[in-house]
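Each remark here refers to the structure printed beneath this line.
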Protein chains: 2
Amino acid sequence: MKKLTERKVVLAGAGPGDPELISVKALKAIQRADVILYDALVSKELLLHCSKGCKLVYVGKLKGRKEFSQEEINDLIVFYASRYSYVLRLKGGDPYVFGRGHEELEYAIRRGIHVEVIPGISSAIAAPSAAGIPVTKRGVTESFWVITGMLASGEFSSDLELASKSSATVVILMGMTHIKEIMKFFSENRSPLEPAAVVHYASTDQQSSVKGNVSNIASLAAKEGISSPAVIVVGKVVNESLMEEILVREEIKMKVAV
Amino acid sequence: MKKLTERKVVLAGAGPGDPELISVKALKAIQRADVILYDALVSKELLLHCSKGCKLVYVGKLKGRKEFSQEEINDLIVFYASRYSYVLRLKGGDPYVFGRGHEELEYAIRRGIHVEVIPGISSAIAAPSAAGIPVTKRGVTESFWVITGMLASGEFSSDLELASKSSATVVILMGMTHIKEIMKFFSENRSPLEPAAVVHYASTDQQSSVKGNVSNIASLAAKEGISSPAVIVVGKVVNESLMEEILVREEIKMKVAV
């Protein structure tokens, strides 16, 4: 068993998907770790940076099999921390945005383990950005509200309705299962024509996105075969997307080139 | 003059302060850039990674002198993009969170310049995290709202009052000038004892933070000499901060060591 003071658990965010969107600090943690416990949304390319002797432990969802329970993950972290000097818990995005990273650290701290957090680029900001949409824009929308599509309890967040009454850009993570019901709040409290977008696998090679309004975005996404993991963005900033202009320009270039 | 297709402007976020919290992609952009236009909040250490021939152009606030106007910055970007292949516009945090990055890109696009965005770790999430506070926690707060303390117009955002009526974690950037007035909304609409924290120079060597409630946080911050740049966090998650537990534990360790 390692001595108490030698044990260390580092909780780090791997960013939204593109392996180069990890922070330098988190990449160094990957290189240094004795053990890495990682989720499904962590890019496999990133794991190639680990040291030769590093133990890679997958704790994400397994297709067709039961997911690791939070209790199991907590115990695995402590298990490895008692045997190795440097245990890295690597999660997609930022570890404090709808992850249960904080619970994991609390569990480790209570067992006398030294912990550290390395933030990551959250898809809440990076997914809209990857589709050309700024979460805030001077004179258009000067705040953004990040909400989960479904509470831990399985119910809708009461904040969802309040958010639909605000003028904020609303970013909804894990909202694809109930996109129709969620969009209804906005249709009623803002307008059926309120702009909305869905960004799928943001910042990766498989990225796709659709833009429309709160009345048609669910069917547009379905038509394109877009499901989870995806980020829903609602608000006037969606119309500010630079993407179309860029695409139009690229097309012009191509036409000139042909 | 460079040909249209050769011109490129990359807008990148440098992260919250710690130079290692930049993304690998943005660091590569620094290494590759011919010109870097950077703000006051960008770590000087990061700029050391630029190439030998790179031109560094400071467009932040100059002490005692007039700030660069947005029009000047827009024009400078286009000016350099017409003369160099790879122009990097480097901003603190994420370029789409209350920056005017989007306006800069729009201006460049309209002039036929190819643009790209590299997101960054925003202090909206990283500053609370650096003080041990998760912006969301299962069963405590399942959404967070990021708001500016002051609109471009110089008025309070109407969203501030609505946010104080929600159950979201509210993260206020650029709010120190009016912290007392802002906290009053929360005191009235939540409770005078609603937890609040202020994090100054998050993730840097100069980081300091105070924790309290919406009634006393303004005076606690003043007592500690904390002013801008700082991030204000309001919500139950403030009480979930792991920091105190860590500090208490460190103290115990020290006592044992002595």
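By convention in this document, the chains of the structure tokens carry letters A, B, ... by their order, each chain's residues are numbered from 1, and ligands are numbered from 1 in the order they are shown.
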
Exercise for the section: May I ask you to extract the residues of chain B within 7 Å of chain A, using only C-alpha atoms, and to give them as a ChimeraX atom specification? Expected result: /B:20-25,96-98,102,119-121,126,134-138,142-148,152,159,166-167

Practice task
List every residue of region 44-220 of chain B that DSSP, applied to the backbone, labels as strand (DSSP E or B), and write the result as number ranges by chain.
Solution key: B: 55-58, 86-91, 93, 114-118, 137, 141, 143-148, 169-173, 195-200, 208-213

Exercise for the section: Can you pull out every residue within 9 Å of Leu56 (chain A), counting only C-alpha atoms, but drop anything in the same chain fewer than 2 positions away, and send it as a VMD selection string? Expected result: chain A and resid 34 to 38 47 50 54 58

Exercise for the section: Could you pull out the residues in region 89-160 of chain B that DSSP calls helix (DSSP H, G or I) from the backbone, as a PyMOL selection string? Expected result: chain B and resi 101-110+123-130+158-160

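Pairwise distance (CA of Phe79 (chain A), CA of Arg111 (chain A)) equals 10.7 Å.
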
Problem - Using only C-alpha atoms: which of A:Asn239, A:Ser69, A:Thr204, A:Asn213 has the shortest distance to Gly17 (chain A) - result: A:Thr204

Practice task
Extract, using only C-alpha atoms, all DNA, RNA and protein residues at most 12 Å from region 217-225 of chain A, discarding same-chain residues fewer than 6 positions from it, and format them as number ranges by chain.
Solution key: A: 175-184, 186-187, 192-200, 207-211, 231-234, 238

Could you dump the residues just selected with N, CA, C and O atoms as a compact mmCIF listing (two decimals), in the first residue's frame?
# COMPACT_ATOMS: atom_id res chain seq x y z
N GLY A 175 -30.26 16.21 -24.14
CA GLY A 175 -31.66 16.58 -24.32
C GLY A 175 -32.34 15.91 -25.52
O GLY A 175 -33.51 16.16 -25.78
N MET A 176 -31.60 15.07 -26.25
CA MET A 176 -32.15 14.54 -27.50
C MET A 176 -33.36 13.61 -27.30
O MET A 176 -34.28 13.60 -28.12
N THR A 177 -33.36 12.86 -26.22
CA THR A 177 -34.48 11.93 -25.99
C THR A 177 -35.81 12.68 -25.87
O THR A 177 -36.85 12.18 -26.31
N HIS A 178 -35.75 13.88 -25.29
CA HIS A 178 -36.99 14.62 -25.05
C HIS A 178 -37.02 15.95 -25.80
O HIS A 178 -37.65 16.90 -25.35
N ILE A 179 -36.34 16.00 -26.93
CA ILE A 179 -36.21 17.28 -27.65
C ILE A 179 -37.58 17.90 -27.98
O ILE A 179 -37.75 19.11 -27.83
N LYS A 180 -38.54 17.08 -28.36
CA LYS A 180 -39.85 17.63 -28.73
C LYS A 180 -40.51 18.34 -27.55
O LYS A 180 -41.02 19.46 -27.68
N GLU A 181 -40.53 17.67 -26.40
CA GLU A 181 -41.15 18.24 -25.20
C GLU A 181 -40.41 19.51 -24.78
O GLU A 181 -41.02 20.50 -24.37
N ILE A 182 -39.08 19.48 -24.86
CA ILE A 182 -38.28 20.64 -24.44
C ILE A 182 -38.55 21.83 -25.36
O ILE A 182 -38.73 22.96 -24.91
N MET A 183 -38.60 21.58 -26.66
CA MET A 183 -38.81 22.67 -27.62
C MET A 183 -40.18 23.32 -27.43
O MET A 183 -40.37 24.50 -27.72
N LYS A 184 -41.14 22.52 -26.92
CA LYS A 184 -42.49 23.05 -26.70
C LYS A 184 -42.48 24.22 -25.70
O LYS A 184 -43.19 25.20 -25.87
N PHE A 186 -40.17 26.39 -25.31
CA PHE A 186 -39.66 27.58 -26.00
C PHE A 186 -40.68 28.10 -27.00
O PHE A 186 -40.84 29.30 -27.18
N SER A 187 -41.35 27.18 -27.65
CA SER A 187 -42.36 27.58 -28.63
C SER A 187 -43.47 28.37 -27.94
O SER A 187 -43.94 29.38 -28.46
N PRO A 192 -42.69 30.25 -31.79
CA PRO A 192 -42.48 29.02 -32.56
C PRO A 192 -41.32 29.19 -33.55
O PRO A 192 -40.78 28.20 -34.05
N LEU A 193 -40.95 30.44 -33.82
CA LEU A 193 -39.88 30.69 -34.78
C LEU A 193 -38.54 30.99 -34.10
O LEU A 193 -37.57 31.37 -34.76
N GLU A 194 -38.48 30.82 -32.78
CA GLU A 194 -37.22 31.03 -32.05
C GLU A 194 -36.14 30.11 -32.65
O GLU A 194 -36.35 28.90 -32.78
N PRO A 195 -34.99 30.67 -33.04
CA PRO A 195 -33.95 29.85 -33.67
C PRO A 195 -33.41 28.74 -32.76
O PRO A 195 -33.29 28.94 -31.55
N ALA A 196 -33.12 27.60 -33.35
CA ALA A 196 -32.56 26.47 -32.60
C ALA A 196 -31.62 25.68 -33.49
O ALA A 196 -31.75 25.69 -34.72
N ALA A 197 -30.67 25.03 -32.87
CA ALA A 197 -29.71 24.20 -33.62
C ALA A 197 -29.38 22.95 -32.81
O ALA A 197 -29.52 22.95 -31.58
N VAL A 198 -28.97 21.90 -33.51
CA VAL A 198 -28.49 20.70 -32.83
C VAL A 198 -27.12 20.37 -33.42
O VAL A 198 -26.94 20.36 -34.64
N VAL A 199 -26.15 20.14 -32.54
CA VAL A 199 -24.79 19.80 -32.98
C VAL A 199 -24.43 18.42 -32.43
O VAL A 199 -24.45 18.19 -31.22
N HIS A 200 -24.10 17.53 -33.33
CA HIS A 200 -23.84 16.12 -33.05
C HIS A 200 -22.34 15.88 -33.13
O HIS A 200 -21.68 16.37 -34.04
N GLN A 207 -18.69 15.14 -36.90
CA GLN A 207 -19.61 16.24 -36.58
C GLN A 207 -20.65 16.49 -37.66
O GLN A 207 -20.36 16.48 -38.85
N SER A 208 -21.90 16.67 -37.22
CA SER A 208 -22.94 17.14 -38.13
C SER A 208 -23.85 18.06 -37.32
O SER A 208 -23.89 17.98 -36.09
N SER A 209 -24.54 18.95 -38.00
CA SER A 209 -25.42 19.86 -37.28
C SER A 209 -26.58 20.29 -38.16
O SER A 209 -26.49 20.24 -39.38
N VAL A 210 -27.67 20.67 -37.51
CA VAL A 210 -28.82 21.22 -38.23
C VAL A 210 -29.25 22.51 -37.56
O VAL A 210 -29.09 22.68 -36.35
N LYS A 211 -29.76 23.41 -38.36
CA LYS A 211 -30.25 24.68 -37.84
C LYS A 211 -31.70 24.86 -38.29
O LYS A 211 -32.07 24.46 -39.39
N VAL A 231 -25.73 18.40 -28.70
CA VAL A 231 -26.00 19.58 -27.90
C VAL A 231 -27.06 20.40 -28.62
O VAL A 231 -26.97 20.62 -29.83
N ILE A 232 -28.09 20.82 -27.88
CA ILE A 232 -29.15 21.65 -28.46
C ILE A 232 -28.90 23.10 -28.04
O ILE A 232 -28.60 23.36 -26.88
N VAL A 233 -28.99 24.02 -28.98
CA VAL A 233 -28.82 25.45 -28.67
C VAL A 233 -30.08 26.18 -29.09
O VAL A 233 -30.54 26.01 -30.22
N VAL A 234 -30.62 27.00 -28.20
CA VAL A 234 -31.80 27.79 -28.52
C VAL A 234 -31.50 29.26 -28.27
O VAL A 234 -30.98 29.62 -27.22
N VAL A 238 -28.21 31.67 -32.71
CA VAL A 238 -28.19 30.63 -33.75
C VAL A 238 -28.18 31.27 -35.14
O VAL A 238 -27.50 30.80 -36.05

Exercise for the section: Just the residues within 10 Å of Glu104 (chain A), please, counting only C-alpha atoms, with nothing from its chain fewer than 6 positions along; format it as an MDAnalysis selection string. Expected result: chainID A and resid 9 11 70:71 73:75 77:78 89 115

Mind writing the picked residues with all heavy atoms as an mmCIF file, in the first residue's frame?
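What landed in part.cif:
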data_model
loop_
_atom_site.group_PDB
_atom_site.id
_atom_site.type_symbol
_atom_site.label_atom_id
_atom_site.label_comp_id
_atom_site.auth_asym_id
_atom_site.auth_seq_id
_atom_site.Cartn_x
_atom_site.Cartn_y
_atom_site.Cartn_z
ATOM 1 N N VAL A 9 -5.122 11.539 -6.816
ATOM 2 C CA VAL A 9 -6.103 11.339 -7.880
ATOM 3 C C VAL A 9 -6.301 12.662 -8.597
ATOM 4 O O VAL A 9 -6.559 13.685 -7.966
ATOM 5 C CB VAL A 9 -7.456 10.844 -7.333
ATOM 6 C CG1 VAL A 9 -8.517 10.852 -8.425
ATOM 7 C CG2 VAL A 9 -7.317 9.438 -6.758
ATOM 8 N N LEU A 11 -8.521 14.549 -11.428
ATOM 9 C CA LEU A 11 -9.755 14.495 -12.227
ATOM 10 C C LEU A 11 -9.590 15.515 -13.353
ATOM 11 O O LEU A 11 -9.410 16.702 -13.097
ATOM 12 C CB LEU A 11 -10.941 14.876 -11.341
ATOM 13 C CG LEU A 11 -12.288 15.070 -12.032
ATOM 14 C CD1 LEU A 11 -12.833 13.749 -12.554
ATOM 15 C CD2 LEU A 11 -13.293 15.703 -11.063
ATOM 16 N N GLN A 70 -21.970 4.224 -10.205
ATOM 17 C CA GLN A 70 -21.119 5.271 -9.645
ATOM 18 C C GLN A 70 -20.335 4.729 -8.446
ATOM 19 O O GLN A 70 -19.174 5.074 -8.251
ATOM 20 C CB GLN A 70 -21.976 6.478 -9.245
ATOM 21 C CG GLN A 70 -21.152 7.718 -8.930
ATOM 22 C CD GLN A 70 -20.255 8.141 -10.077
ATOM 23 O OE1 GLN A 70 -20.666 8.243 -11.216
ATOM 24 N NE2 GLN A 70 -18.969 8.356 -9.785
ATOM 25 N N GLU A 71 -20.956 3.870 -7.674
ATOM 26 C CA GLU A 71 -20.306 3.294 -6.496
ATOM 27 C C GLU A 71 -19.082 2.478 -6.913
ATOM 28 O O GLU A 71 -18.022 2.555 -6.290
ATOM 29 C CB GLU A 71 -21.289 2.398 -5.724
ATOM 30 C CG GLU A 71 -22.419 3.146 -5.027
ATOM 31 C CD GLU A 71 -23.357 3.879 -5.982
ATOM 32 O OE1 GLU A 71 -23.622 3.363 -7.102
ATOM 33 O OE2 GLU A 71 -23.819 4.997 -5.653
ATOM 34 N N ILE A 73 -17.312 2.892 -9.664
ATOM 35 C CA ILE A 73 -16.267 3.811 -10.144
ATOM 36 C C ILE A 73 -15.548 4.457 -8.957
ATOM 37 O O ILE A 73 -14.317 4.500 -8.917
ATOM 38 C CB ILE A 73 -16.862 4.882 -11.093
ATOM 39 C CG1 ILE A 73 -17.424 4.199 -12.356
ATOM 40 C CG2 ILE A 73 -15.810 5.928 -11.471
ATOM 41 C CD1 ILE A 73 -18.166 5.127 -13.306
ATOM 42 N N ASN A 74 -16.335 4.942 -7.980
ATOM 43 C CA ASN A 74 -15.730 5.533 -6.778
ATOM 44 C C ASN A 74 -14.745 4.550 -6.136
ATOM 45 O O ASN A 74 -13.616 4.915 -5.786
ATOM 46 C CB ASN A 74 -16.811 5.867 -5.742
ATOM 47 C CG ASN A 74 -17.713 7.002 -6.192
ATOM 48 O OD1 ASN A 74 -17.426 7.678 -7.172
ATOM 49 N ND2 ASN A 74 -18.803 7.203 -5.479
ATOM 50 N N ASP A 75 -15.179 3.325 -5.985
ATOM 51 C CA ASP A 75 -14.338 2.317 -5.327
ATOM 52 C C ASP A 75 -13.113 1.956 -6.161
ATOM 53 O O ASP A 75 -12.037 1.735 -5.617
ATOM 54 C CB ASP A 75 -15.165 1.057 -5.013
ATOM 55 C CG ASP A 75 -16.043 1.251 -3.778
ATOM 56 O OD1 ASP A 75 -15.662 2.058 -2.906
ATOM 57 O OD2 ASP A 75 -17.106 0.605 -3.703
ATOM 58 N N ILE A 77 -11.536 3.981 -8.164
ATOM 59 C CA ILE A 77 -10.586 5.093 -8.034
ATOM 60 C C ILE A 77 -9.768 4.929 -6.759
ATOM 61 O O ILE A 77 -8.539 5.015 -6.768
ATOM 62 C CB ILE A 77 -11.335 6.454 -8.044
ATOM 63 C CG1 ILE A 77 -11.933 6.716 -9.431
ATOM 64 C CG2 ILE A 77 -10.406 7.598 -7.632
ATOM 65 C CD1 ILE A 77 -12.875 7.915 -9.500
ATOM 66 N N VAL A 78 -10.463 4.659 -5.664
ATOM 67 C CA VAL A 78 -9.776 4.500 -4.378
ATOM 68 C C VAL A 78 -8.890 3.247 -4.397
ATOM 69 O O VAL A 78 -7.760 3.264 -3.895
ATOM 70 C CB VAL A 78 -10.810 4.445 -3.223
ATOM 71 C CG1 VAL A 78 -10.143 4.055 -1.909
ATOM 72 C CG2 VAL A 78 -11.506 5.792 -3.101
ATOM 73 N N ARG A 89 -8.401 10.312 -13.498
ATOM 74 C CA ARG A 89 -9.796 10.053 -13.868
ATOM 75 C C ARG A 89 -10.109 11.009 -15.012
ATOM 76 O O ARG A 89 -10.165 12.234 -14.815
ATOM 77 C CB ARG A 89 -10.683 10.317 -12.650
ATOM 78 C CG ARG A 89 -12.162 10.244 -12.950
ATOM 79 C CD ARG A 89 -12.591 8.803 -13.218
ATOM 80 N NE ARG A 89 -14.033 8.726 -13.365
ATOM 81 C CZ ARG A 89 -14.650 8.531 -14.529
ATOM 82 N NH1 ARG A 89 -13.949 8.370 -15.641
ATOM 83 N NH2 ARG A 89 -15.952 8.479 -14.586
ATOM 84 N N VAL A 115 -6.380 15.142 -3.906
ATOM 85 C CA VAL A 115 -7.037 15.266 -5.215
ATOM 86 C C VAL A 115 -6.694 16.582 -5.900
ATOM 87 O O VAL A 115 -6.286 17.541 -5.264
ATOM 88 C CB VAL A 115 -8.576 15.152 -5.107
ATOM 89 C CG1 VAL A 115 -8.986 13.842 -4.469
ATOM 90 C CG2 VAL A 115 -9.159 16.339 -4.354
#

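CA of Val10 (chain A) to CA of Ala33 (chain A) spans 9.0 Å [interatomic distance, one decimal].
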
Completion exercise
Separating CA of Ala12 (chain A) from CA of Tyr201 (chain B), to the nearest tenth of an Å, is a gap of 20.3 Å
